[in-house]
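A.B. asks: To start, I am sharing the structure in question, which I have written as structure tokens.
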Amino acid sequence: MADGTSLDEPMVARWGTEHPAAPLVVALHGNGTSEHSLIELSPWLPYGPVAYVSVRGPHAGGKGYEWFPLVDGTPDADALAATTSWLLRWLDTEGDPERPVLLLGFREGVALAGALMLAAPHRFAGAVLLYGALPFDAGVAMPRAALAGMPVFLAHGSDDVRTPPELLRRTWDWLTRHSGAPVWAEREAGGDQLAGKVVGDLGTWLGDRLDWVHAHGENPLPDGGEPVWPTLPGGRLPARAGEPPQVTTGVPQHQTSQNGPADLAEALWQRISALGGVSTGPTRVGVEGTRALMLDRATGTAADDAFVLPDAGEFAHLHPAPDHSLHVVLPAGQAYDAVGKGWAVPHPLAGVRVSAGMVLVPGPRDPAELETVTGIVAAAHLHARG
């Protein structure tokens with residue numbers, strides 16, 4: 001086109017396997033570069049039955065190409081929507097329509113990846129988001145728990161001078177507290193170039209996610225219905241009051257704000273440790289003082305993904321003071337419902353190294369919350385009994 005824009009067949013660079021059903025990683029460069037700029041990451045990305053394709057932005061700009069123009073630092077809403085639709089149409093032509101697709105966005109490619117995920121969450125099996133911000137204030141709806149079940153690797157540079165700090169803060173906060181996605185998030189020194197640790201960690205995360213997809217398939221997606229909770233009054237989970245608590249973004253995962261009092265945590269322990277067939281003991285995966293709930297696997301029919309530690313029969317554990325949060329494993333539908341209503345935060349490696357239904361449940365803050373949290377743990381117990 002005369003204005004330097006092309007929304008025809010995109011220019012791409014490919015590497016990895018060419019099998020049309022292999023998982024596909026779609027790389028999205030930053031504005032002002034090209035489809036070749038992210039190939040330099042290839043030595044650190046996992047090999048095997050996986051295909052990579054790096055796409056060129058449709059707008060010629062400066063020394064390279066862009067996905068959209070910026071208006072006062074914000075993606076132009078019309079251009080972003082057009083590019084999003086263009087890439088989704090192109091994706092329909094990329095091999096088996098059922099193949100898992102993951103996104104890898106850098107700088108402005110993060111905004112496009114966010115728009116793609118939010119427009120069509122069912123199309124994507126995960127995303128790597130590097131040194132960029134989501135498309136806030138650009139006409140993209142961002143409802144709570146919109147990315148439930150979609151693992152995300154997020155990395156920011158602590159001294160990034162290209163992306164406004166406020167946009168980075170909003171991106172971090174929305175993804176880790178409101179998106180519903182299992183998010184592994186890290187912030188490293190620098191910001192002009194990708195830190196070596198980030199490159200190494202993203203390769204490990206992506207390899208683990210691909211291994212999980214090969215072994216278990218993609219995480220189940222929310223079906224739009226409200227699940228039944230037979231362990232709660234009326235069979236429904238109410239909404240938790242207030243904003244979600246602050247939770248650490250790596251492992252070990254812990255609650256760092258809105259922590260409940262010790263007496264309610266002990267009352268909760270007395271209730272959940274009395275559930276049928278449960279034995280207790282120290283966990284092998286938490287900080288010292290973490291108490292585990294376990295079932296004898298020989299007497300149940302549940303699959304391994306109903307447990308925190310399948311070989312030990314551990315389906316939940318309670319963290320010590322001052323945390324008082326729990327890790328439990330729920331069926332996917334209940335996990336997404338709990339996340340959407342503020343009762344749970346996905347484990348950062350859910351669907352990457354641990355069960356897709358593994359969540360952190362904040363400790364109860366009052367007697368009413370004690371009842372609800374008891375019901376949530378009872379649901380995990382029911383799940384673990386098969």
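Each chain in the structure tokens gets a letter, A, B, ..., in the order shown, and its residues are numbered from 1; ligands are numbered from 1 in order too.
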Do you have, as a tab-separated table, the list of residues of segment 44-105 of chain A lying at most 10 Å from segment 144-154 of chain A, each with its nearest atom pair and that distance in Å to one decimal, counting only C-alpha atoms and ordered by chain then number?
C.D. replies:
residue	atom	partner	partner_atom	distance
A:Leu102	CA	A:Val152	CA	9.6
A:Leu103	CA	A:Val152	CA	9.4
A:Leu104	CA	A:Phe153	CA	9.3
A:Gly105	CA	A:Leu154	CA	9.9
A.B. asks: Go ahead and save the picked residues with C-alpha atoms, as a PDB file, in the first residue's frame.
C.D. replies:
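What landed in again.pdb:
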ATOM      1  CA  LEU A 102       1.913 -19.559  22.297  1.00  0.00           C
ATOM      2  CA  LEU A 103       2.871 -15.915  21.913  1.00  0.00           C
ATOM      3  CA  LEU A 104       6.278 -14.321  22.519  1.00  0.00           C
ATOM      4  CA  GLY A 105       6.064 -10.537  22.604  1.00  0.00           C
TER       5      GLY A 105
END
A.B. asks: Assign secondary structure with DSSP using the backbone only, and return the residues of segment 332-381 of chain A in strand (DSSP E) as a PyMOL selection string.
C.D. replies: chain A and resi 345-346+358-361
A.B. asks: From the set A:Ala79, A:Ala215, A:Met358, A:Met142, which residue has the shortest atom-to-atom contact distance to Ala380 of chain A, counting only C-alpha atoms?
C.D. replies: A:Met358
A.B. asks: Which residues are near Ala344 of chain A? Cut-off 6 Å, only C-alpha atoms, ignore same chain within fewer than 6 positions. Put them as a list in words.
C.D. replies: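 Returned residues: Ala338, Val359, Leu360 and Val361 of chain A.
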A.B. asks: Tell me, as a PyMOL selection string, which residues lie within 12 Å of Pro23 of chain A, counting only C-alpha atoms; anything in the same chain fewer than 2 positions away does not count.
C.D. replies: chain A and resi 16-21+25-26+46-53+94-103+123-126+206-207+209-214+217-218
A.B. asks: With only C-alpha atoms as the basis for distance, which of A:His381, A:Arg162, A:Arg365, A:Arg240 is at the shortest distance from Leu293 of chain A?
C.D. replies: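 Between A:His381, A:Arg162, A:Arg365, A:Arg240, the residue approaching Leu293 of chain A most closely is A:His381.
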A.B. asks: Compile the contact shell of segment 326-333 of chain A as a PyMOL selection string: residues with an atom at most 7 Å away, counting only C-alpha atoms, same-chain residues fewer than 6 positions apart removed.
C.D. replies: chain A and resi 220+222+227+306-308+315-319+356-363+377+379-380+383
